[in-house]
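**Student:** So here's protein_24.cif, just mmCIF, C-alpha atoms:
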```cif
data_protein
loop_
_atom_site.label_atom_id
_atom_site.label_comp_id
_atom_site.auth_asym_id
_atom_site.auth_seq_id
_atom_site.Cartn_x
_atom_site.Cartn_y
_atom_site.Cartn_z
CA MET O 286 30.61 30.19 -82.54
CA LYS O 287 30.75 33.39 -84.56
CA LYS O 288 32.58 33.21 -87.91
CA HIS O 289 34.22 36.61 -87.38
CA ILE O 290 35.06 36.58 -83.70
CA THR O 291 36.43 39.74 -82.13
CA GLU O 292 39.80 39.69 -80.38
CA GLU O 293 38.08 40.49 -77.07
CA ASP O 294 35.63 37.59 -77.44
CA TYR O 295 38.45 35.26 -78.49
CA ASN O 296 40.54 36.15 -75.43
CA LYS O 297 37.59 35.70 -73.06
CA LEU O 298 36.71 32.28 -74.48
CA MET O 299 40.29 31.06 -74.41
CA GLN O 300 40.68 32.20 -70.80
CA LYS O 301 37.57 30.21 -69.87
CA LEU O 302 39.49 27.13 -71.05
CA GLY O 303 42.37 28.04 -68.76
CA VAL O 304 44.58 29.75 -71.35
CA SER O 305 46.34 32.94 -70.24
CA GLU O 306 45.86 36.14 -72.20
CA THR O 307 49.50 36.02 -73.31
CA GLU O 308 49.17 32.42 -74.53
CA ALA O 309 45.98 33.36 -76.39
CA LYS O 310 47.74 36.28 -78.12
CA ILE O 311 50.68 34.15 -79.23
CA TYR O 312 48.46 31.28 -80.40
CA ARG O 313 46.37 33.67 -82.50
CA ALA O 314 49.50 35.19 -84.04
CA LEU O 315 50.74 31.70 -84.94
CA LEU O 316 47.37 30.84 -86.47
CA GLU O 317 47.51 33.94 -88.67
CA ARG O 318 51.16 33.59 -89.79
CA ARG O 319 51.52 29.80 -89.62
CA GLU O 320 55.04 29.87 -88.14
CA LEU O 321 57.02 32.59 -86.40
CA SER O 322 60.33 33.13 -84.64
CA ALA O 323 60.47 34.47 -81.10
CA LEU O 324 61.43 37.89 -82.45
CA GLU O 325 58.48 37.90 -84.88
CA ILE O 326 56.09 36.87 -82.11
CA HIS O 327 57.42 39.73 -79.99
CA GLU O 328 56.93 42.23 -82.83
CA LEU O 329 53.35 41.07 -83.54
CA THR O 330 52.10 40.70 -79.97
CA ASN O 331 54.25 43.12 -77.95
CA VAL O 332 55.03 40.26 -75.57
CA PRO O 333 58.64 40.77 -74.29
CA ARG O 334 61.03 38.50 -76.16
CA THR O 335 62.32 36.83 -72.97
CA LYS O 336 58.69 36.12 -72.00
CA VAL O 337 58.00 34.60 -75.44
CA TYR O 338 60.43 31.73 -74.75
CA GLU O 339 58.84 31.00 -71.37
CA VAL O 340 55.26 31.09 -72.68
CA THR O 341 55.90 29.03 -75.82
CA GLN O 342 57.44 26.28 -73.66
CA LYS O 343 54.20 26.10 -71.67
CA MET O 344 52.17 26.16 -74.88
CA MET O 345 54.12 23.20 -76.28
CA LEU O 346 53.44 21.20 -73.13
CA ARG O 347 49.71 22.01 -73.42
CA GLY O 348 49.55 21.03 -77.09
CA LEU O 349 49.01 24.52 -78.52
CA CYS O 350 52.16 24.81 -80.62
CA LEU O 351 55.29 22.99 -81.66
CA GLU O 352 58.91 24.03 -82.11
CA LYS O 353 60.70 23.69 -85.46
CA HIS O 354 64.47 23.90 -85.95
CA MET O 355 65.69 25.30 -89.26
CA GLY O 356 69.48 25.21 -88.99
CA ARG O 357 70.35 27.51 -86.12
CA LYS O 358 66.98 29.22 -86.34
CA LYS O 359 64.06 28.19 -84.20
CA LYS O 360 60.43 28.81 -85.14
CA TYR O 361 57.07 28.04 -83.60
CA GLN O 362 54.03 26.68 -85.39
CA ALA O 363 50.41 26.53 -84.24
CA ILE O 364 48.77 23.16 -83.67
CA GLU O 365 45.51 22.68 -85.61
CA PRO O 366 42.69 24.30 -83.52
CA LYS O 367 40.63 21.13 -83.19
CA ARG O 368 43.58 19.17 -81.81
CA ALA O 369 44.73 22.07 -79.66
CA LEU O 370 41.31 22.62 -78.07
CA ASN O 371 40.90 18.89 -77.46
CA SER O 372 44.23 18.98 -75.61
CA LEU O 373 42.91 21.82 -73.45
CA MET O 374 39.68 19.95 -72.74
CA LYS O 375 41.35 16.71 -71.62
CA PRO O 376 42.51 17.98 -68.18
CA LEU O 377 39.10 19.60 -67.62
CA GLU O 378 37.29 16.37 -68.50
CA ASP O 379 39.63 14.36 -66.26
CA HIS O 380 38.99 16.80 -63.39
CA LEU O 381 35.22 16.57 -63.88
CA LYS O 382 35.36 12.77 -63.94
CA GLU O 383 37.41 12.80 -60.75
CA GLN O 384 34.85 15.12 -59.06
CA GLN O 385 32.00 12.84 -60.17
CA ASN O 386 33.80 9.80 -58.72
CA ILE O 387 34.34 11.68 -55.45
CA ALA O 388 30.66 12.67 -55.31
CA HIS O 389 29.62 9.06 -56.01
CA ALA O 390 31.94 7.75 -53.30
CA LEU O 391 30.70 10.34 -50.81
CA THR O 392 27.08 9.49 -51.60
CA SER O 393 27.76 5.83 -50.82
CA MET O 394 29.42 6.85 -47.55
CA ILE O 395 26.89 9.36 -46.25
CA ASP O 396 23.59 7.86 -47.51
CA PRO O 397 23.61 5.28 -44.67
CA ILE O 398 24.25 8.09 -42.17
CA TYR O 399 21.24 9.98 -43.53
CA ASP O 400 19.07 6.83 -43.42
CA ARG O 401 20.06 6.14 -39.79
CA GLY O 402 19.28 9.72 -38.88
CA MET O 403 15.86 9.59 -40.56
CA LYS O 404 14.90 6.60 -38.40
CA LYS O 405 15.18 8.90 -35.38
CA VAL O 406 12.94 11.58 -36.89
CA ASP O 407 9.36 11.86 -35.69
CA ASN O 408 6.77 11.26 -38.42
CA LEU O 409 5.45 14.79 -37.99
CA GLU O 410 8.83 16.13 -39.10
CA TYR O 411 8.32 14.48 -42.50
CA VAL O 412 5.87 17.26 -43.40
CA GLU O 413 7.08 20.57 -44.83
CA ILE O 414 4.51 23.27 -45.58
CA ILE O 415 5.34 25.91 -48.22
CA HIS O 416 3.12 28.95 -48.72
CA ASP O 417 4.69 31.22 -51.35
CA ARG O 418 5.19 30.48 -55.06
CA PRO O 419 8.93 31.28 -55.29
CA SER O 420 9.68 28.84 -52.45
CA ILE O 421 7.39 26.19 -53.98
CA HIS O 422 9.19 26.62 -57.30
CA GLU O 423 12.63 26.26 -55.67
CA ARG O 424 11.57 23.18 -53.70
CA TYR O 425 10.11 21.56 -56.81
CA VAL O 426 13.32 22.14 -58.79
CA SER O 427 15.37 20.69 -55.92
CA LEU O 428 13.18 17.57 -55.71
CA VAL O 429 13.36 17.07 -59.49
CA LYS O 430 17.15 17.35 -59.59
CA ASN O 431 17.46 14.72 -56.86
CA THR O 432 15.15 12.26 -58.63
CA ARG O 433 16.99 9.14 -59.76
CA ARG O 434 14.33 6.79 -61.11
CA GLU O 435 10.87 8.22 -61.76
CA LEU O 436 8.83 11.39 -61.39
CA VAL O 437 5.07 11.32 -61.88
CA GLY O 438 2.91 14.42 -61.84
CA PHE O 439 -0.73 15.46 -61.66
CA VAL O 440 -0.62 18.93 -63.28
CA LYS O 441 -3.40 21.48 -62.92
CA PRO O 442 -3.74 25.15 -61.85
CA PRO O 443 -2.64 27.11 -59.91
CA PHE O 444 1.01 27.14 -61.01
CA ALA O 445 4.06 28.12 -58.95
CA HIS O 446 6.00 29.23 -62.03
CA LYS O 447 3.64 32.13 -62.72
CA PRO O 448 3.76 35.06 -63.31
CA THR O 449 7.30 34.74 -64.80
CA ARG O 450 8.27 32.33 -67.58
CA ARG O 451 11.83 32.15 -66.19
CA ARG O 452 10.66 29.77 -63.48
CA LEU O 453 9.00 27.54 -66.07
CA TYR O 454 12.27 27.35 -68.03
CA GLU O 455 14.13 26.43 -64.81
CA GLN O 456 11.62 23.66 -64.11
CA GLU O 457 11.90 22.34 -67.66
CA ASN O 458 15.71 22.37 -67.52
CA ALA O 459 15.70 20.46 -64.22
CA GLU O 460 13.47 17.84 -65.84
CA PHE O 461 15.71 17.66 -68.92
CA GLU O 462 18.73 16.99 -66.67
CA ILE O 463 17.24 13.89 -65.04
CA LEU O 464 15.84 12.63 -68.37
CA GLN O 465 19.37 12.69 -69.77
CA LYS O 466 20.52 10.64 -66.77
CA GLY O 467 17.92 7.95 -67.53
CA ALA O 468 15.08 8.87 -65.18
CA ILE O 469 11.46 8.48 -66.33
CA ILE O 470 8.99 11.35 -66.19
CA ARG O 471 5.27 10.69 -66.66
CA VAL O 472 2.83 13.58 -66.38
CA LEU O 473 -0.95 13.83 -66.50
CA TYR O 474 -2.21 17.29 -67.52
CA GLU O 475 -5.74 18.42 -66.79
CA PHE O 476 -7.37 19.93 -69.92
CA PRO O 477 -6.42 23.62 -69.89
CA SER O 478 -8.95 26.40 -70.32
CA LYS O 479 -9.49 27.75 -73.83
CA ASP O 480 -7.38 30.82 -73.03
CA GLU O 481 -4.45 28.75 -71.78
CA LEU O 482 -4.58 25.95 -74.36
CA ALA O 483 -1.90 27.32 -76.72
CA GLU O 484 0.54 28.17 -73.90
CA ARG O 485 0.14 24.82 -72.15
CA LEU O 486 0.47 22.94 -75.42
CA GLN O 487 3.75 24.68 -76.20
CA HIS O 488 5.17 23.59 -72.84
CA ILE O 489 4.04 19.99 -73.38
CA ARG O 490 5.59 19.98 -76.86
CA ASN O 491 8.91 21.10 -75.35
CA VAL O 492 9.04 18.48 -72.62
CA ALA O 493 7.65 15.66 -74.77
CA LYS O 494 10.39 16.34 -77.33
CA LYS O 495 12.97 15.78 -74.58
CA GLY O 496 11.44 12.49 -73.47
CA GLU O 497 8.65 13.25 -71.00
CA ARG O 498 5.70 10.86 -71.33
CA SER O 499 2.66 13.13 -71.37
CA ARG O 500 -1.08 12.50 -71.37
CA VAL O 501 -4.15 14.71 -70.88
CA ILE O 502 -7.37 14.10 -69.00
CA GLU O 503 -10.62 15.97 -68.39
CA HIS O 504 -10.26 16.34 -64.64
CA LEU O 505 -7.62 15.67 -61.98
CA PRO O 506 -8.71 15.33 -58.35
CA ILE O 507 -5.47 16.79 -57.00
CA LYS O 508 -2.31 18.68 -57.93
CA MET O 509 0.56 16.43 -56.90
CA TYR O 510 4.06 15.23 -57.80
CA ILE O 511 5.69 11.99 -56.64
CA PHE O 512 9.48 11.55 -56.69
CA ASP O 513 11.02 8.06 -56.67
CA GLU O 514 7.92 6.74 -54.81
CA ARG O 515 9.33 8.43 -51.70
CA TYR O 516 8.61 12.16 -51.67
CA VAL O 517 5.21 13.72 -52.37
CA LEU O 518 4.68 17.40 -53.24
CA MET O 519 0.96 18.06 -52.92
CA ALA O 520 -1.24 21.16 -53.19
CA LEU O 521 -3.63 21.99 -50.36
CA ASP O 522 -5.38 24.67 -52.42
CA ASN O 523 -7.17 22.87 -55.26
CA SER O 524 -8.73 25.99 -56.75
CA LYS O 525 -8.75 26.44 -60.53
CA ASP O 526 -8.12 30.13 -60.12
CA ALA O 527 -4.48 30.48 -61.20
CA THR O 528 -4.24 33.79 -59.34
CA SER O 529 -5.25 32.31 -56.00
CA LEU O 530 -2.88 31.61 -53.15
CA LEU O 531 -1.05 28.31 -53.45
CA THR O 532 0.01 26.21 -50.48
CA MET O 533 1.83 22.93 -50.95
CA VAL O 534 3.21 20.31 -48.60
CA VAL O 535 6.23 18.06 -49.02
CA VAL O 536 5.86 14.68 -47.36
CA GLU O 537 8.51 11.97 -47.21
CA HIS O 538 6.31 8.90 -46.92
CA PRO O 539 6.81 5.87 -49.21
CA GLY O 540 3.33 4.51 -48.38
CA LEU O 541 1.59 7.72 -49.40
CA ALA O 542 3.81 7.93 -52.49
CA GLN O 543 2.91 4.38 -53.49
CA ALA O 544 -0.81 5.07 -53.05
CA GLY O 545 -0.49 8.23 -55.14
CA THR O 546 1.32 6.27 -57.86
CA MET O 547 -1.50 3.70 -57.91
CA LEU O 548 -4.03 6.52 -58.45
CA PHE O 549 -1.80 7.98 -61.15
CA ASN O 550 -1.58 4.67 -63.03
CA HIS O 551 -5.36 4.25 -62.84
CA LEU O 552 -5.93 7.71 -64.38
CA TRP O 553 -3.06 7.25 -66.84
CA ASP O 554 -4.90 4.32 -68.44
CA GLN O 555 -7.97 6.54 -68.96
CA ALA O 556 -6.14 9.56 -70.35
CA HIS O 557 -5.57 10.77 -73.93
CA ASP O 558 -2.22 11.15 -75.64
CA TRP O 559 -1.07 14.78 -75.32
CA ARG O 560 -1.49 15.29 -79.09
CA TYR O 561 -5.22 15.35 -78.40
CA LEU O 562 -4.64 19.00 -77.47
CA GLU O 563 -3.11 19.60 -80.91
CA SER O 564 -6.35 18.52 -82.57
CA MET O 565 -8.36 20.62 -80.12
CA LEU O 566 -6.28 23.70 -80.94
CA SER O 567 -6.70 23.16 -84.68
CA GLY O 568 -10.45 22.65 -84.26
CA LYS O 569 -10.38 19.07 -85.57
CA THR O 570 -11.53 17.71 -82.22
CA LYS O 571 -14.07 19.23 -79.87
CA ARG O 572 -13.32 19.74 -76.23
CA PRO O 573 -14.84 16.87 -74.20
CA ILE O 574 -17.85 17.78 -72.10
CA MET O 575 -16.72 17.92 -68.50
CA ARG O 576 -18.60 15.50 -66.32
CA LYS O 577 -20.30 17.12 -63.35
CA LYS O 578 -18.82 16.26 -59.98
CA ARG O 579 -21.06 14.39 -57.58
CA LYS O 580 -22.04 16.35 -54.50
#
```
Here is a file; write its structure as structure tokens.
**Tutor:**
Amino acid sequence: MKKHITEEDYNKLMQKLGVSETEAKIYRALLERRELSALEIHELTNVPRTKVYEVTQKMMLRGLCLEKHMGRKKKYQAIEPKRALNSLMKPLEDHLKEQQNIAHALTSMIDPIYDRGMKKVDNLEYVEIIHDRPSIHERYVSLVKNTRRELVGFVKPPFAHKPTRRRLYEQENAEFEILQKGAIIRVLYEFPSKDELAERLQHIRNVAKKGERSRVIEHLPIKMYIFDERYVLMALDNSKDATSLLTMVVVEHPGLAQAGTMLFNHLWDQAHDWRYLESMLSGKTKRPIMRKKRK
């Protein structure tokens, strides 16, 4: 937070915590003068004196101030900001915990309904074909956010996040969310071209720092992501031209996902640690000679 916060910024931030503008004004006045009578609060804030009594009572209940009696006089004193803000956060945290418990309970209730419904779905309906990059990006982010255990990826061009970096940040943030919840992400990256080496390396640094397990390999036979060994997001266009059209399919098929994971593990054992790209960028290591594909 800024050291010299403006009154406008202060009021906006306090209101985001559920504090009214009037409460924020009075609390700030108490912070500046330590303790004030109702009349002094009125003079400093222009809050009507009758309103001051009503608002300070609410503030005491919320842990923002306390009332002191000095003979017949009554004054109000601000609670230390750290304690006061913690008091404001408690109801919000309790509400969030309650919402999480409700979501967990609902998931337990409706998952069986979903599973029963899926048994009635024809296998052909498991396949979803996506043609445009924005839709591919949105579907990928959705699949990532719903991953509970493990995501594995075969990463090579073309990329759905291009031409904007905003999509890449959204994909990274979705991955960071599930990493924080304990999911595992393992990704194999095909060696980038010389022109894209620095950019790709920066992305890998970012995700590796957050916990992604990353390796690099000379060549990947397919562009594909596997979510919880259940959903597969797979490219139909395997061109290396990042500007080419990209078509991907989503398939819910545990057997296909398991086979893809077996291929991933086989290639994972042959791959280099991602830091191999660091040495390539610095010139300490030469780029491996790409083996020619058999016709």
**Student:** Give the answer as one residue: which of O:Ser478, O:Asn458, O:Asn491, O:Thr449 has the shortest atom-to-atom distance to O:Val429, using all atoms listed in the file?
**Tutor:**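 For O:Val429, the nearest of the candidates is O:Asn458.
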**Student:** Work out how far apart atom CA of O:Glu563 and atom CA of O:Phe444 are and give it in Å to one decimal.
**Tutor:**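 Those two atoms sit 21.7 Å apart.
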**Student:** Pick the closest to O:Glu455 from O:Tyr474, O:Phe439, O:Tyr425, O:Trp553: which is it, counting all atoms listed in the file?
**Tutor:**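 So, comparing all the options, the nearest one is O:Tyr425.
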**Student:** From the set O:Ile421, O:Met509, O:Leu321, O:Ala542, which residue has the shortest atom-to-atom contact distance to O:Lys360, counting all atoms listed in the file?
**Tutor:** O:Leu321
**Student:** Would you please work out which residue, of O:Leu486, O:Leu377, O:Met547, O:Val534, is nearest to O:Leu562 when using all atoms listed in the file?
**Tutor:**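 With all atoms listed in the file as the atom set, the closest residue is O:Leu486.
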**Student:** With only C-alpha atoms as the basis for distance, which of O:Pro539, O:Thr532, O:Ser567, O:Phe461 is at the shortest distance from O:Glu413?
**Tutor:**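 Smallest distance to O:Glu413 is found for O:Thr532.
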**Student:** Closest to O:Glu484 among O:Leu453, O:Leu351, O:Val517, O:Leu428, using only C-alpha atoms?
**Tutor:** O:Leu453
**Student:** Would you pick out the contacts of O:Asp417 at 10 Å or less, using all atoms listed in the file, so that residues sharing its chain but fewer than 5 positions from it are not included, and give the list as a VMD selection string?
**Tutor:** chain O and resid 422 445 530 to 533
**Student:** Expanded to explicit residues, what is the PyMOL selection byres ((chain O and resi 308) around 12) for this file, as a VMD selection string?
**Tutor:** chain O and resid 295 to 296 299 to 300 302 to 307 309 to 315 326 330 332 336 to 345 347 to 350 363
**Student:** Expressed in Å to a single decimal, how great is the separation between atom CA of O:His538 and atom CA of O:Tyr411?
**Tutor:**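 It comes out at 7.4 Å.
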**Student:** Generate the coordinates of N, CA and C atoms for stretch 332-350 of chain O; report them as a PDB file, in the frame of the given file.
**Tutor:**
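Saved to selection-v5.pdb:
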```
ATOM      1  N   VAL O 332      54.604  41.051 -76.715  1.00  0.00           N
ATOM      2  CA  VAL O 332      55.030  40.260 -75.570  1.00  0.00           C
ATOM      3  C   VAL O 332      56.559  40.329 -75.514  1.00  0.00           C
ATOM      4  N   PRO O 333      57.167  40.699 -74.377  1.00  0.00           N
ATOM      5  CA  PRO O 333      58.640  40.770 -74.290  1.00  0.00           C
ATOM      6  C   PRO O 333      59.285  39.482 -74.795  1.00  0.00           C
ATOM      7  N   ARG O 334      60.401  39.652 -75.504  1.00  0.00           N
ATOM      8  CA  ARG O 334      61.030  38.500 -76.160  1.00  0.00           C
ATOM      9  C   ARG O 334      61.417  37.420 -75.150  1.00  0.00           C
ATOM     10  N   THR O 335      61.947  37.826 -73.987  1.00  0.00           N
ATOM     11  CA  THR O 335      62.320  36.830 -72.970  1.00  0.00           C
ATOM     12  C   THR O 335      61.094  36.059 -72.470  1.00  0.00           C
ATOM     13  N   LYS O 336      59.944  36.750 -72.440  1.00  0.00           N
ATOM     14  CA  LYS O 336      58.690  36.120 -72.000  1.00  0.00           C
ATOM     15  C   LYS O 336      58.170  35.139 -73.057  1.00  0.00           C
ATOM     16  N   VAL O 337      58.457  35.455 -74.339  1.00  0.00           N
ATOM     17  CA  VAL O 337      58.000  34.600 -75.440  1.00  0.00           C
ATOM     18  C   VAL O 337      58.535  33.188 -75.262  1.00  0.00           C
ATOM     19  N   TYR O 338      59.839  33.059 -74.912  1.00  0.00           N
ATOM     20  CA  TYR O 338      60.430  31.730 -74.750  1.00  0.00           C
ATOM     21  C   TYR O 338      59.745  30.951 -73.625  1.00  0.00           C
ATOM     22  N   GLU O 339      59.490  31.641 -72.527  1.00  0.00           N
ATOM     23  CA  GLU O 339      58.840  31.000 -71.370  1.00  0.00           C
ATOM     24  C   GLU O 339      57.432  30.529 -71.710  1.00  0.00           C
ATOM     25  N   VAL O 340      56.663  31.414 -72.371  1.00  0.00           N
ATOM     26  CA  VAL O 340      55.260  31.090 -72.680  1.00  0.00           C
ATOM     27  C   VAL O 340      55.148  30.009 -73.730  1.00  0.00           C
ATOM     28  N   THR O 341      55.981  30.057 -74.763  1.00  0.00           N
ATOM     29  CA  THR O 341      55.900  29.030 -75.820  1.00  0.00           C
ATOM     30  C   THR O 341      56.247  27.646 -75.279  1.00  0.00           C
ATOM     31  N   GLN O 342      57.142  27.573 -74.275  1.00  0.00           N
ATOM     32  CA  GLN O 342      57.440  26.280 -73.660  1.00  0.00           C
ATOM     33  C   GLN O 342      56.199  25.695 -73.001  1.00  0.00           C
ATOM     34  N   LYS O 343      55.447  26.545 -72.298  1.00  0.00           N
ATOM     35  CA  LYS O 343      54.200  26.100 -71.670  1.00  0.00           C
ATOM     36  C   LYS O 343      53.182  25.676 -72.724  1.00  0.00           C
ATOM     37  N   MET O 344      53.126  26.449 -73.814  1.00  0.00           N
ATOM     38  CA  MET O 344      52.170  26.160 -74.880  1.00  0.00           C
ATOM     39  C   MET O 344      52.469  24.825 -75.551  1.00  0.00           C
ATOM     40  N   MET O 345      53.754  24.495 -75.698  1.00  0.00           N
ATOM     41  CA  MET O 345      54.120  23.200 -76.280  1.00  0.00           C
ATOM     42  C   MET O 345      53.670  22.058 -75.386  1.00  0.00           C
ATOM     43  N   LEU O 346      53.860  22.232 -74.072  1.00  0.00           N
ATOM     44  CA  LEU O 346      53.440  21.200 -73.130  1.00  0.00           C
ATOM     45  C   LEU O 346      51.920  21.007 -73.137  1.00  0.00           C
ATOM     46  N   ARG O 347      51.176  22.072 -73.424  1.00  0.00           N
ATOM     47  CA  ARG O 347      49.710  22.010 -73.420  1.00  0.00           C
ATOM     48  C   ARG O 347      49.143  21.633 -74.783  1.00  0.00           C
ATOM     49  N   GLY O 348      50.004  21.456 -75.771  1.00  0.00           N
ATOM     50  CA  GLY O 348      49.550  21.030 -77.090  1.00  0.00           C
ATOM     51  C   GLY O 348      49.004  22.144 -77.957  1.00  0.00           C
ATOM     52  N   LEU O 349      49.479  23.392 -77.724  1.00  0.00           N
ATOM     53  CA  LEU O 349      49.010  24.520 -78.520  1.00  0.00           C
ATOM     54  C   LEU O 349      49.937  24.855 -79.682  1.00  0.00           C
ATOM     55  N   CYS O 350      51.221  24.514 -79.540  1.00  0.00           N
ATOM     56  CA  CYS O 350      52.160  24.810 -80.620  1.00  0.00           C
ATOM     57  C   CYS O 350      53.305  23.815 -80.579  1.00  0.00           C
TER      58      CYS O 350
END
```
